[in-house]
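**Q** Contents are TSV, C-alpha atoms (C1' of nucleotides); file name structure16.tsv:
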chain	number	residue	atom	x	y	z
A	232	MET	CA	34.45	23.10	40.85
A	233	SER	CA	33.74	25.34	43.81
A	234	VAL	CA	30.17	26.44	44.27
A	235	ASN	CA	29.19	29.87	43.10
A	236	HIS	CA	28.88	32.17	46.07
A	237	ALA	CA	28.35	35.37	44.18
A	238	ALA	CA	26.27	36.70	47.01
A	239	THR	CA	29.07	36.56	49.59
A	240	GLY	CA	32.01	36.68	47.21
A	241	VAL	CA	33.91	33.92	48.99
A	242	ASP	CA	33.61	30.17	49.02
A	243	ARG	CA	34.16	28.06	52.10
A	244	ARG	CA	37.76	27.30	51.34
A	245	GLU	CA	38.65	30.94	51.07
A	246	LEU	CA	36.75	31.71	54.25
A	247	ILE	CA	38.90	29.19	56.07
A	248	LEU	CA	42.04	30.88	54.75
A	249	MET	CA	40.82	34.33	55.69
A	250	GLN	CA	40.23	33.18	59.26
A	251	ALA	CA	43.46	31.21	59.47
A	252	ILE	CA	45.80	33.97	58.29
A	253	PRO	CA	45.46	36.31	61.29
A	254	LEU	CA	45.72	33.33	63.65
A	255	PHE	CA	48.98	32.12	62.10
A	256	ALA	CA	50.24	35.70	61.99
A	257	ALA	CA	49.54	36.15	65.68
A	258	THR	CA	50.93	32.95	67.20
A	259	GLY	CA	52.73	31.08	64.45
A	260	TYR	CA	52.37	27.61	62.99
A	261	SER	CA	52.66	25.55	66.15
A	262	GLY	CA	50.78	28.15	68.15
A	263	VAL	CA	47.60	27.53	66.21
A	264	SER	CA	45.67	24.27	66.27
A	265	MET	CA	43.24	22.94	63.69
A	266	ARG	CA	40.59	23.28	66.39
A	267	ASP	CA	41.41	26.98	66.77
A	268	ILE	CA	40.92	27.51	63.06
A	269	ALA	CA	37.75	25.44	62.99
A	270	ARG	CA	36.33	27.46	65.88
A	271	ALA	CA	37.19	30.74	64.16
A	272	VAL	CA	35.48	29.60	60.97
A	273	GLY	CA	32.59	28.05	62.82
A	274	VAL	CA	32.95	24.50	61.54
A	275	SER	CA	34.33	21.22	62.82
A	276	THR	CA	37.94	20.17	62.35
A	277	ALA	CA	36.79	17.40	60.04
A	278	ALA	CA	35.45	20.02	57.66
A	279	LEU	CA	38.92	21.56	57.48
A	280	TYR	CA	40.32	18.23	56.37
A	281	HIS	CA	37.82	18.11	53.54
A	282	HIS	CA	39.40	21.26	52.06
A	283	PHE	CA	43.04	20.66	52.95
A	284	PRO	CA	44.92	17.37	53.28
A	285	ASP	CA	46.65	18.38	56.52
A	286	LYS	CA	47.64	21.30	58.70
A	287	GLN	CA	50.87	21.99	56.86
A	288	ALA	CA	49.06	22.28	53.53
A	289	LEU	CA	46.51	24.65	55.03
A	290	TYR	CA	49.33	26.77	56.40
A	291	LEU	CA	51.19	26.88	53.10
A	292	VAL	CA	48.13	27.91	51.16
A	293	ALA	CA	47.24	30.47	53.81
A	294	VAL	CA	50.69	32.07	53.71
A	295	ASP	CA	50.69	32.03	49.93
A	296	HIS	CA	47.25	33.59	49.96
A	297	ALA	CA	48.29	36.28	52.41
A	298	PHE	CA	51.34	37.19	50.36
A	299	THR	CA	49.98	37.08	46.82
A	300	ASP	CA	46.35	37.93	47.40
A	301	LYS	CA	47.23	41.34	48.71
A	302	ALA	CA	47.62	41.88	45.08
A	303	GLU	CA	49.70	44.95	44.37
A	304	GLY	CA	52.02	43.23	46.75
A	305	ILE	CA	54.74	44.57	48.88
A	306	ARG	CA	54.08	48.24	48.36
A	307	ARG	CA	51.15	48.03	50.73
A	308	ALA	CA	53.20	46.28	53.34
A	309	LEU	CA	56.05	48.73	52.97
A	310	ALA	CA	53.68	51.64	53.02
A	311	ALA	CA	52.56	50.33	56.38
A	312	GLY	CA	49.71	48.19	55.29
A	313	ASP	CA	48.75	44.86	56.55
A	314	PRO	CA	50.03	43.85	60.01
A	315	ASP	CA	49.32	40.22	59.22
A	316	PHE	CA	51.61	40.44	56.22
A	317	ARG	CA	54.45	41.81	58.30
A	318	ALA	CA	53.98	39.31	61.11
A	319	LEU	CA	53.83	36.36	58.70
A	320	LEU	CA	56.92	37.62	56.90
A	321	GLN	CA	58.83	37.96	60.17
A	322	ARG	CA	57.82	34.46	61.15
A	323	GLU	CA	58.81	33.02	57.80
A	324	LEU	CA	62.16	34.77	57.98
A	325	VAL	CA	62.93	33.25	61.35
A	326	ASP	CA	61.37	29.83	60.81
A	327	GLY	CA	63.33	29.50	57.64
A	328	ASP	CA	61.84	26.64	55.67
A	329	GLU	CA	63.76	26.69	52.39
A	330	THR	CA	60.79	25.68	50.25
A	331	ARG	CA	58.54	28.40	51.59
A	332	LEU	CA	61.28	31.02	51.41
A	333	LYS	CA	61.90	30.13	47.78
A	334	LEU	CA	58.22	30.53	47.03
A	335	LEU	CA	58.17	33.83	48.89
A	336	ALA	CA	61.19	35.03	46.96
A	337	ASP	CA	59.88	34.04	43.52
A	338	GLN	CA	56.23	34.89	43.80
A	339	VAL	CA	56.27	37.93	46.04
A	340	PHE	CA	59.60	39.69	46.23
A	341	LEU	CA	61.35	39.01	42.92
A	342	GLU	CA	59.69	41.73	40.86
A	343	PRO	CA	59.82	44.67	43.28
A	344	TYR	CA	63.27	43.62	44.44
A	345	GLU	CA	64.67	43.77	40.93
A	346	ALA	CA	63.08	47.16	40.41
A	347	ILE	CA	64.74	48.50	43.55
A	348	VAL	CA	68.05	46.91	42.60
A	349	ALA	CA	67.91	48.61	39.21
A	350	LEU	CA	67.22	51.91	40.88
A	351	ALA	CA	70.04	51.32	43.33
A	352	LYS	CA	72.50	50.72	40.49
A	353	GLU	CA	71.56	54.02	39.00
A	354	LEU	CA	71.63	56.07	42.16
A	355	ALA	CA	74.74	54.71	43.81
A	356	PRO	CA	76.98	52.85	41.37
A	357	ASP	CA	79.71	52.57	43.96
A	358	LEU	CA	77.59	50.70	46.49
A	359	ASP	CA	76.50	47.09	46.25
A	360	PRO	CA	73.06	47.40	44.64
A	361	TYR	CA	71.70	44.24	46.25
A	362	LEU	CA	72.65	45.25	49.75
A	363	LEU	CA	71.42	48.76	49.06
A	364	ALA	CA	68.06	47.46	47.85
A	365	ASN	CA	67.81	45.46	51.02
A	366	SER	CA	68.69	48.49	53.10
A	367	VAL	CA	66.06	50.62	51.42
A	368	VAL	CA	63.37	48.13	52.29
A	369	GLY	CA	64.82	47.59	55.74
A	370	LEU	CA	64.77	51.25	56.63
A	371	VAL	CA	60.99	51.06	56.61
A	372	LEU	CA	60.29	47.49	57.69
A	373	PHE	CA	62.74	47.47	60.58
A	374	CYS	CA	61.00	50.50	62.05
A	375	PHE	CA	57.75	48.57	62.21
A	376	GLU	CA	59.45	45.45	63.47
A	377	THR	CA	61.04	47.19	66.43
A	378	LEU	CA	58.01	49.27	67.29
A	379	PRO	CA	56.83	46.98	70.09
A	380	LEU	CA	60.29	47.20	71.65
A	381	ARG	CA	60.79	50.92	71.14
A	382	ARG	CA	57.57	51.56	72.98
A	383	HIS	CA	59.52	50.65	76.12
A	384	LEU	CA	62.59	52.71	75.25
A	385	PRO	CA	63.08	56.41	76.03
A	386	GLY	CA	62.26	59.14	73.53
A	387	ARG	CA	59.11	57.49	72.42
A	388	LYS	CA	56.72	59.77	70.57
A	389	PRO	CA	53.28	58.88	69.24
A	390	GLU	CA	54.22	59.92	65.73
A	391	HIS	CA	56.97	57.29	65.64
A	392	GLU	CA	54.16	54.79	65.20
A	393	LYS	CA	52.67	56.55	62.20
A	394	PRO	CA	53.59	55.08	58.83
A	395	LYS	CA	53.90	58.56	57.39
A	396	THR	CA	56.54	59.61	59.92
A	397	ILE	CA	58.52	56.43	59.34
A	398	ALA	CA	58.34	56.83	55.58
A	399	LYS	CA	59.46	60.45	55.82
A	400	HIS	CA	62.39	59.53	58.03
A	401	ALA	CA	63.52	56.79	55.69
A	402	SER	CA	63.23	59.11	52.72
A	403	ALA	CA	65.21	61.84	54.42
A	404	LEU	CA	67.98	59.43	55.23
A	405	LEU	CA	68.09	58.09	51.68
A	406	VAL	CA	68.06	61.56	50.21
A	407	ARG	CA	71.13	62.40	52.25
A	408	ALA	CA	72.84	59.14	51.42
A	409	LEU	CA	72.11	58.99	47.72
A	410	GLY	CA	71.91	62.65	46.88
A	411	VAL	CA	68.50	62.53	45.25
A	412	GLU	CA	65.07	63.75	46.04
A	413	ALA	CA	62.51	61.20	47.14
A	414	ALA	CA	61.29	59.33	44.06
A	415	GLU	CA	58.49	61.18	42.37
A	416	PRO	CA	55.87	59.49	40.20
A	417	ASP	CA	56.67	61.81	37.27
A	418	GLY	CA	59.96	60.01	36.80
A	419	GLY	CA	62.32	62.89	37.52
A	420	ARG	CA	64.90	60.69	39.14
A	421	SER	CA	68.03	61.57	37.18
A	422	GLY	CA	68.17	65.21	38.32
B	234	MET	CA	72.38	26.91	97.52
B	235	SER	CA	73.54	25.41	94.26
B	236	VAL	CA	76.30	22.89	94.52
B	237	ASN	CA	79.81	23.98	93.68
B	238	HIS	CA	80.72	22.73	90.25
B	239	ALA	CA	84.03	24.48	89.94
B	240	ALA	CA	85.30	21.65	87.81
B	241	THR	CA	82.71	22.12	85.09
B	242	GLY	CA	81.87	25.75	85.72
B	243	VAL	CA	78.11	25.23	85.38
B	244	ASP	CA	75.46	23.88	87.69
B	245	ARG	CA	72.55	21.81	86.51
B	246	ARG	CA	70.17	24.71	86.27
B	247	GLU	CA	72.49	26.62	84.00
B	248	LEU	CA	73.09	23.54	81.90
B	249	ILE	CA	69.36	23.31	81.29
B	250	LEU	CA	69.29	26.93	80.17
B	251	MET	CA	72.25	26.49	77.87
B	252	GLN	CA	70.53	23.57	76.16
B	253	ALA	CA	67.14	25.27	76.04
B	254	ILE	CA	68.26	28.54	74.45
B	255	PRO	CA	69.20	27.20	71.02
B	256	LEU	CA	66.04	25.09	70.96
B	257	PHE	CA	63.79	28.06	71.67
B	258	ALA	CA	65.78	30.14	69.21
B	259	ALA	CA	65.29	27.54	66.49
B	260	THR	CA	61.59	26.72	66.78
B	261	GLY	CA	60.06	29.12	69.27
B	262	TYR	CA	58.15	28.68	72.50
B	263	SER	CA	55.39	26.40	71.30
B	264	GLY	CA	57.74	24.59	68.95
B	265	VAL	CA	59.79	23.19	71.83
B	266	SER	CA	58.43	20.71	74.36
B	267	MET	CA	59.70	20.04	77.85
B	268	ARG	CA	60.55	16.58	76.59
B	269	ASP	CA	62.75	18.10	73.88
B	270	ILE	CA	64.64	20.11	76.47
B	271	ALA	CA	64.92	17.17	78.84
B	272	ARG	CA	66.28	15.00	76.05
B	273	ALA	CA	68.83	17.64	75.08
B	274	VAL	CA	70.01	17.94	78.67
B	275	GLY	CA	69.92	14.22	79.26
B	276	VAL	CA	67.48	14.17	82.16
B	277	SER	CA	63.80	13.43	82.69
B	278	THR	CA	61.12	16.09	82.37
B	279	ALA	CA	60.46	15.80	86.09
B	280	ALA	CA	63.97	17.02	86.75
B	281	LEU	CA	63.20	20.16	84.76
B	282	TYR	CA	60.27	20.85	87.05
B	283	HIS	CA	62.55	20.65	90.04
B	284	HIS	CA	64.50	23.66	88.73
B	285	PHE	CA	61.66	25.65	87.15
B	286	PRO	CA	58.01	25.85	88.20
B	287	ASP	CA	56.71	25.50	84.64
B	288	LYS	CA	57.59	25.81	80.97
B	289	GLN	CA	56.84	29.51	80.78
B	290	ALA	CA	59.21	30.26	83.67
B	291	LEU	CA	61.95	28.21	82.07
B	292	TYR	CA	61.45	30.11	78.84
B	293	LEU	CA	61.56	33.49	80.55
B	294	VAL	CA	64.75	32.70	82.41
B	295	ALA	CA	66.29	31.24	79.28
B	296	VAL	CA	65.55	34.34	77.23
B	297	ASP	CA	66.79	36.59	80.01
B	298	HIS	CA	69.91	34.47	80.25
B	299	ALA	CA	70.52	34.59	76.51
B	300	PHE	CA	70.16	38.35	76.40
B	301	THR	CA	72.05	39.41	79.49
B	302	ASP	CA	74.55	36.61	79.84
B	303	LYS	CA	76.16	37.47	76.54
B	304	ALA	CA	77.60	40.12	78.68
B	305	GLU	CA	79.00	42.91	76.55
B	306	GLY	CA	75.59	42.68	75.05
B	307	ILE	CA	74.34	43.91	71.77
B	308	ARG	CA	77.64	44.74	70.21
B	309	ARG	CA	78.34	41.09	69.64
B	310	ALA	CA	74.97	40.55	68.06
B	311	LEU	CA	75.29	43.62	65.88
B	312	ALA	CA	78.78	42.70	64.92
B	313	ALA	CA	77.32	39.45	63.63
B	314	GLY	CA	77.67	37.43	66.71
B	315	ASP	CA	75.31	34.97	68.17
B	316	PRO	CA	72.66	33.56	65.84
B	317	ASP	CA	70.61	32.45	68.85
B	318	PHE	CA	70.50	36.01	70.09
B	319	ARG	CA	69.19	37.29	66.78
B	320	ALA	CA	66.64	34.52	66.40
B	321	LEU	CA	65.33	34.98	69.94
B	322	LEU	CA	65.13	38.72	69.41
B	323	GLN	CA	63.18	38.27	66.19
B	324	ARG	CA	60.79	35.91	67.93
B	325	GLU	CA	60.29	38.23	70.87
B	326	LEU	CA	59.63	41.15	68.52
B	327	VAL	CA	56.90	39.26	66.74
B	328	ASP	CA	55.42	37.44	69.73
B	329	GLY	CA	55.15	40.72	71.52
B	330	ASP	CA	54.58	39.94	75.19
B	331	GLU	CA	54.67	43.35	76.85
B	332	THR	CA	56.35	42.13	80.02
B	333	ARG	CA	59.19	40.43	78.21
B	334	LEU	CA	59.64	43.35	75.81
B	335	LYS	CA	59.87	45.74	78.74
B	336	LEU	CA	62.54	43.56	80.32
B	337	LEU	CA	64.38	43.36	77.02
B	338	ALA	CA	64.22	47.13	76.64
B	339	ASP	CA	65.42	47.93	80.15
B	340	GLN	CA	68.04	45.28	80.71
B	341	VAL	CA	69.51	44.85	77.25
B	342	PHE	CA	68.84	47.73	74.91
B	343	LEU	CA	68.50	50.81	77.09
B	344	GLU	CA	72.17	51.60	77.50
B	345	PRO	CA	73.46	51.09	73.97
B	346	TYR	CA	70.32	52.65	72.55
B	347	GLU	CA	70.85	55.86	74.49
B	348	ALA	CA	74.45	55.96	73.38
B	349	ILE	CA	73.44	55.70	69.74
B	350	VAL	CA	70.69	58.27	70.22
B	351	ALA	CA	73.22	60.71	71.69
B	352	LEU	CA	75.51	60.13	68.73
B	353	ALA	CA	72.59	60.59	66.35
B	354	LYS	CA	71.73	63.97	67.88
B	355	GLU	CA	75.26	65.11	67.29
B	356	LEU	CA	75.65	63.84	63.76
B	357	ALA	CA	72.28	64.77	62.32
B	358	PRO	CA	70.48	67.38	64.40
B	359	ASP	CA	67.80	67.77	61.77
B	360	LEU	CA	66.75	64.13	61.81
B	361	ASP	CA	64.75	62.44	64.54
B	362	PRO	CA	67.50	60.92	66.72
B	363	TYR	CA	65.35	58.02	67.94
B	364	LEU	CA	64.34	56.94	64.48
B	365	LEU	CA	67.90	57.44	63.30
B	366	ALA	CA	69.26	55.28	66.11
B	367	ASN	CA	66.81	52.62	65.12
B	368	SER	CA	67.84	52.90	61.49
B	369	VAL	CA	71.51	52.57	62.34
B	370	VAL	CA	70.89	49.32	64.16
B	371	GLY	CA	68.46	48.18	61.50
B	372	LEU	CA	70.92	48.65	58.67
B	373	VAL	CA	72.93	45.81	60.12
B	374	LEU	CA	70.31	43.61	61.74
B	375	PHE	CA	67.89	43.68	58.83
B	376	CYS	CA	70.62	42.37	56.55
B	377	PHE	CA	70.98	39.30	58.73
B	378	GLU	CA	67.24	38.91	59.11
B	379	THR	CA	66.61	38.81	55.40
B	380	LEU	CA	69.57	36.65	54.57
B	381	PRO	CA	67.57	33.42	54.33
B	382	LEU	CA	65.22	35.12	51.89
B	383	ARG	CA	67.89	36.87	49.84
B	384	ARG	CA	69.57	33.55	49.24
B	385	HIS	CA	66.69	32.86	46.86
B	386	LEU	CA	66.78	36.26	45.17
B	387	PRO	CA	68.98	37.23	42.21
B	388	GLY	CA	72.33	38.91	42.68
B	389	ARG	CA	73.30	36.74	45.55
B	390	LYS	CA	76.99	36.72	46.33
B	391	PRO	CA	78.74	34.71	49.01
B	392	GLU	CA	80.22	37.82	50.58
B	393	HIS	CA	76.72	39.14	51.29
B	394	GLU	CA	76.60	36.62	54.09
B	395	LYS	CA	79.80	37.82	55.68
B	396	PRO	CA	79.37	40.10	58.67
B	397	LYS	CA	82.28	42.20	57.49
B	398	THR	CA	80.68	42.94	54.15
B	399	ILE	CA	77.39	43.85	55.78
B	400	ALA	CA	79.10	46.10	58.30
B	401	LYS	CA	81.06	47.82	55.56
B	402	HIS	CA	77.97	48.41	53.50
B	403	ALA	CA	76.08	49.86	56.45
B	404	SER	CA	79.03	52.11	57.28
B	405	ALA	CA	79.33	53.33	53.70
B	406	LEU	CA	75.66	54.22	53.62
B	407	LEU	CA	75.85	56.05	56.92
B	408	VAL	CA	78.97	57.92	55.92
B	409	ARG	CA	77.15	59.20	52.86
B	410	ALA	CA	74.02	60.04	54.83
B	411	LEU	CA	75.62	61.69	57.82
B	412	GLY	CA	78.74	63.10	56.26
B	413	VAL	CA	81.18	61.56	58.68
B	414	GLU	CA	83.81	58.92	58.56
B	415	ALA	CA	83.03	55.62	60.25
B	416	ALA	CA	83.48	56.07	63.99
B	417	GLU	CA	87.08	55.55	64.98
B	418	PRO	CA	88.15	54.48	68.46
B	419	ASP	CA	90.38	57.54	68.79
B	420	GLY	CA	87.28	59.71	69.04
B	421	GLY	CA	87.90	61.87	65.98
B	422	ARG	CA	84.25	62.28	65.20
B	423	SER	CA	83.84	66.05	65.14
B	424	GLY	CA	86.16	66.76	62.23
C	56	DG	C1'	67.82	15.92	92.74
C	57	DT	C1'	66.65	12.59	89.88
C	58	DC	C1'	64.00	8.87	88.61
C	59	DT	C1'	59.58	6.04	86.82
C	60	DA	C1'	54.93	6.17	86.19
C	61	DT	C1'	50.95	8.36	85.19
C	62	DA	C1'	47.02	11.72	85.31
C	63	DG	C1'	44.45	14.56	82.35
C	64	DC	C1'	44.21	17.37	78.58
C	65	DC	C1'	45.05	18.68	73.78
C	66	DT	C1'	46.81	17.38	69.33
C	67	DG	C1'	46.43	16.00	64.22
C	68	DA	C1'	43.92	13.10	61.73
C	69	DT	C1'	40.18	9.57	60.35
C	70	DA	C1'	35.61	6.78	59.94
C	71	DG	C1'	31.21	6.75	58.78
C	72	DA	C1'	26.41	8.74	59.16
C	73	DC	C1'	23.71	12.19	56.88
D	300	DG	C1'	30.40	19.04	52.59
D	301	DT	C1'	29.59	18.87	57.10
D	302	DC	C1'	28.73	16.52	61.13
D	303	DT	C1'	29.69	13.51	65.68
D	304	DA	C1'	32.60	10.39	67.62
D	305	DT	C1'	36.86	8.66	68.18
D	306	DC	C1'	41.79	7.10	67.91
D	307	DA	C1'	46.59	7.07	69.00
D	308	DG	C1'	49.92	9.77	70.60
D	309	DG	C1'	52.11	14.08	72.51
D	310	DC	C1'	51.73	17.56	75.84
D	311	DT	C1'	52.40	19.85	80.69
D	312	DA	C1'	52.67	18.83	85.11
D	313	DT	C1'	52.53	15.93	89.38
D	314	DA	C1'	53.17	11.92	92.84
D	315	DG	C1'	56.01	9.23	95.23
D	316	DA	C1'	60.11	6.08	95.45
D	317	DC	C1'	65.00	6.36	96.04
Once you've parsed the file, please lay out its structure as C-alpha cells.
**A**
Amino acid sequence: MSVNHAATGVDRRELILMQAIPLFAATGYSGVSMRDIARAVGVSTAALYHHFPDKQALYLVAVDHAFTDKAEGIRRALAAGDPDFRALLQRELVDGDETRLKLLADQVFLEPYEAIVALAKELAPDLDPYLLANSVVGLVLFCFETLPLRRHLPGRKPEHEKPKTIAKHASALLVRALGVEAAEPDGGRSG
Amino acid sequence: MSVNHAATGVDRRELILMQAIPLFAATGYSGVSMRDIARAVGVSTAALYHHFPDKQALYLVAVDHAFTDKAEGIRRALAAGDPDFRALLQRELVDGDETRLKLLADQVFLEPYEAIVALAKELAPDLDPYLLANSVVGLVLFCFETLPLRRHLPGRKPEHEKPKTIAKHASALLVRALGVEAAEPDGGRSG
DNA sequence: GTCTATAGCCTGATAGAC
DNA sequence: GTCTATCAGGCTATAGAC
C-alpha cells in the first residue's frame, strides 16, 4: 500500500511519526498542535489528516511507535537510552488513560516485567516479587526522572548525570539488599 | 488588603488556587483553560484576571501553594498523602522549567533532602549519599507513579495500592541493603 | 471585585482544486 | 497525496459598566 521509499528508508507516514514523537515528549498531548507537527514535517495540516483520522489517533500511533519501535525495548531506556521514551512514559503515567496504559503494559512492559519478577522470586523469596521488580526498575528510572530537580539540590556532581554511575549505584544497592553479585551474562546468578 | 473572611477561612484568591490545583494536577498546564478554572470557582474569567495577571502567574502561584501550603511538606506525600502533590511533582519533573524546579528544590525539597543525605552518609559510607537519598525517596514514590501501569500487569494485588504495603516493602528492602532496622522515633539507629 | 461583551488569535478539522 | 482556503469554536486577555 505505501509507496516504496527504499532510498530514504521511511515513507511519509513514518516521517510524520518521527517528527511528532519528540514534540509530544517535550510538551505533551495538548502542548502540541497539528500545525506544530505539520511545520516540523514540512507539510500542511491537511496532509496530516490524510494519514491519520484525527490528532488523537496520530498521538496513539506515535506513542505506540516510540515504545515498540525501539525494538529491544525497555533495556535501552533503562540503560539510559532514549530521552523521548522516558518523557513519554512519564507523561503516560501521569495522564493515565486506561486504554493507552493497557497497551503499554501488554505490548511493552509485560515480557521484561515477568522476567524481572521471576528473578525477584528467586533472589528474595521473602519479599513481594512484584513490588521488588518495580523497585529494581525504579532504582534506575527514578534517578533519571529526578535529575532536573537534583541539579538544583546540594551535592550535585557531574557524574550523577551519567547513566553508568546511576547503573552502578543501583547495582550496588541491590547487591547489598539481595546478597548477590550484579547479574552477569554467563548466568551465574545462583552463587 | 484582602477582606477578612474569618467565617470561611479563605479569601477569593485562595479559593481560586484551591480549585485550580486539582485541575492542573489532573491535566497539566495546557490541559486546563482559564474558563475551566473560572467555572470550577463559579466566577467569570475576568474575575480571575483581577487576582492574577495571566494564566502563567496563576499556575506558578498554584504550584507554589500546593507544594508549600501542605505545610509539613514532603512527608505527607511520601507517606502516601496528597495525590495532587504527586501529580504536580511528576508534571513539573517532566515539563522541566528551570525557574520552577529551582523554586521547588529550595522551598520544598532542600530541608528533607539534606536530612536524608545526612542519614545516608551515616548508614552507608561507601555509597554515594546523594544517589542513596534519591533512591530512598524513589523506592516509595516510584511505586505510586507506576501504580496506574501496574494495574494492567500480572501479579496485581489490591494491597499493592495501599500506602502501608508500599512503605513496608521499601523499608524491608532498605533494611536488607543498609543493615539497619527501620528508623524508630526513639533514635536507636546506631545499634 | 465582579460582571457582560468582545477583540484577536489559535485550534482541530474539512472542502475541493490539482 | 498534497495543497490553499476556510469554518466553527475555544483560547487568553481586555474594556468598560456596575
**Q** Per residue of chain A within 8 Å of chain B, note the shortest atom pair and the distance in Å to one decimal, counting only C-alpha atoms, and order the rows by chain and increasing residue number, as a tab-separated table.
**A**
residue	atom	partner	partner_atom	distance
A:Ala257	CA	B:Asp328	CA	7.3
A:Thr258	CA	B:Asp328	CA	6.8
A:Ser261	CA	B:Gly264	CA	5.9
A:Gly262	CA	B:Ser263	CA	5.9
A:Ala318	CA	B:Val327	CA	6.3
A:Gln321	CA	B:Val327	CA	7.0
A:Arg322	CA	B:Val327	CA	7.4
A:Leu324	CA	B:Thr379	CA	6.5
A:Val325	CA	B:Ala320	CA	6.4
A:Asp326	CA	B:Thr260	CA	6.7
A:Gly327	CA	B:Pro381	CA	6.7
A:Glu329	CA	B:Pro381	CA	8.0
A:Leu332	CA	B:Leu382	CA	5.7
A:Lys333	CA	B:His385	CA	5.6
A:Leu335	CA	B:Leu382	CA	7.8
A:Ala336	CA	B:His385	CA	5.9
A:Asp337	CA	B:Leu386	CA	7.4
A:Leu341	CA	B:Leu386	CA	6.5
A:Glu345	CA	B:Pro387	CA	7.9
A:Leu358	CA	B:His402	CA	7.4
A:Asp359	CA	B:His402	CA	7.5
A:Tyr361	CA	B:Gly388	CA	6.4
A:Leu362	CA	B:His402	CA	7.2
A:Leu363	CA	B:His402	CA	7.9
A:Asn365	CA	B:Cys376	CA	6.9
A:Ser366	CA	B:Leu372	CA	6.0
A:Gly369	CA	B:Phe375	CA	5.9
A:Leu370	CA	B:Ser368	CA	6.0
A:Phe373	CA	B:Gly371	CA	5.8
A:Cys374	CA	B:Asn367	CA	6.9
A:Glu376	CA	B:Leu326	CA	6.6
A:Thr377	CA	B:Leu326	CA	6.5
A:Pro379	CA	B:Gly329	CA	6.6
A:Leu380	CA	B:Leu334	CA	5.7
A:Arg381	CA	B:Ala338	CA	7.5
A:His383	CA	B:Lys335	CA	5.6
A:Leu384	CA	B:Ala338	CA	6.0
A:Pro385	CA	B:Leu343	CA	7.9
A:Gly386	CA	B:Tyr363	CA	6.5
A:Arg387	CA	B:Tyr363	CA	7.7
A:His391	CA	B:Leu364	CA	7.5
A:Ile397	CA	B:Leu364	CA	7.8
A:His400	CA	B:Leu364	CA	7.2
A:Ala403	CA	B:Leu360	CA	7.9
A:Leu404	CA	B:Ala410	CA	6.1
A:Leu405	CA	B:Ala410	CA	7.0
A:Val406	CA	B:Ala410	CA	7.7
A:Arg407	CA	B:Ala410	CA	4.5
A:Ala408	CA	B:Ala410	CA	3.7
A:Leu409	CA	B:Arg409	CA	7.2
**Q** Give one line per residue of chain A that approaches chain C to at most 10 Å, naming the two atoms of the closest pair and their distance in Å to one decimal, counting all atoms listed in the file; sort by chain then ascending residue number and deliver it as JSON lines.
**A**
{"residue": "A:Ser264", "atom": "CA", "partner": "C:DT66", "partner_atom": "C1'", "distance": 7.6}
{"residue": "A:Met265", "atom": "CA", "partner": "C:DG67", "partner_atom": "C1'", "distance": 7.7}
{"residue": "A:Arg266", "atom": "CA", "partner": "C:DT66", "partner_atom": "C1'", "distance": 9.1}
{"residue": "A:Thr276", "atom": "CA", "partner": "C:DA68", "partner_atom": "C1'", "distance": 9.3}
{"residue": "A:Ala277", "atom": "CA", "partner": "C:DA68", "partner_atom": "C1'", "distance": 8.5}
{"residue": "A:Tyr280", "atom": "CA", "partner": "C:DA68", "partner_atom": "C1'", "distance": 8.2}
{"residue": "A:Pro284", "atom": "CA", "partner": "C:DA68", "partner_atom": "C1'", "distance": 9.5}
{"residue": "A:Asp285", "atom": "CA", "partner": "C:DA68", "partner_atom": "C1'", "distance": 7.9}
{"residue": "A:Lys286", "atom": "CA", "partner": "C:DG67", "partner_atom": "C1'", "distance": 7.7}
**Q** Selected residues, C-alpha atoms, written as a short mmCIF file (atom, residue, chain, number, x, y, z; two decimals), keeping the file's coordinate frame, please.
**A**
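See result-v5.cif below for the written result:
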data_model
loop_
_atom_site.label_atom_id
_atom_site.label_comp_id
_atom_site.auth_asym_id
_atom_site.auth_seq_id
_atom_site.Cartn_x
_atom_site.Cartn_y
_atom_site.Cartn_z
CA SER A 264 45.67 24.27 66.27
CA MET A 265 43.24 22.94 63.69
CA ARG A 266 40.59 23.28 66.39
CA THR A 276 37.94 20.17 62.35
CA ALA A 277 36.79 17.40 60.04
CA TYR A 280 40.32 18.23 56.37
CA PRO A 284 44.92 17.37 53.28
CA ASP A 285 46.65 18.38 56.52
CA LYS A 286 47.64 21.30 58.70
#
**Q** Can I get the residues of chain A within 8 Å of chain D, each with the closest pair of atoms and their distance in Å to one decimal, using all atoms listed in the file, sorted chain first then ascending number, as a tab-separated table?
**A**
residue	atom	partner	partner_atom	distance
A:Val274	CA	D:DT301	C1'	7.9
A:Ser275	CA	D:DC302	C1'	7.5
A:Ala277	CA	D:DT301	C1'	7.9
A:Ala278	CA	D:DT301	C1'	6.0
A:His281	CA	D:DG300	C1'	7.5
**Q** Figure out the distance between atom CA of Lys399 of chain A and atom CA of Glu355 of chain B, please, to one decimal in Å.
**A**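 Separating atom CA of Glu355 of chain B from atom CA of Lys399 of chain A is a distance of 20.1 Å.
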**Q** Could you tell me how far atom CA of Glu394 of chain B lies from atom CA of Gln338 of chain A, in Å and to one decimal?
**A**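 Those two atoms sit 22.9 Å apart.
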**Q** Record the distance separating atom CA of Val292 of chain A and atom CA of Pro316 of chain B, expressed in Å with one decimal.
**A**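 Computed distance, atom CA of Val292 of chain A to atom CA of Pro316 of chain B, equals 29.1 Å.
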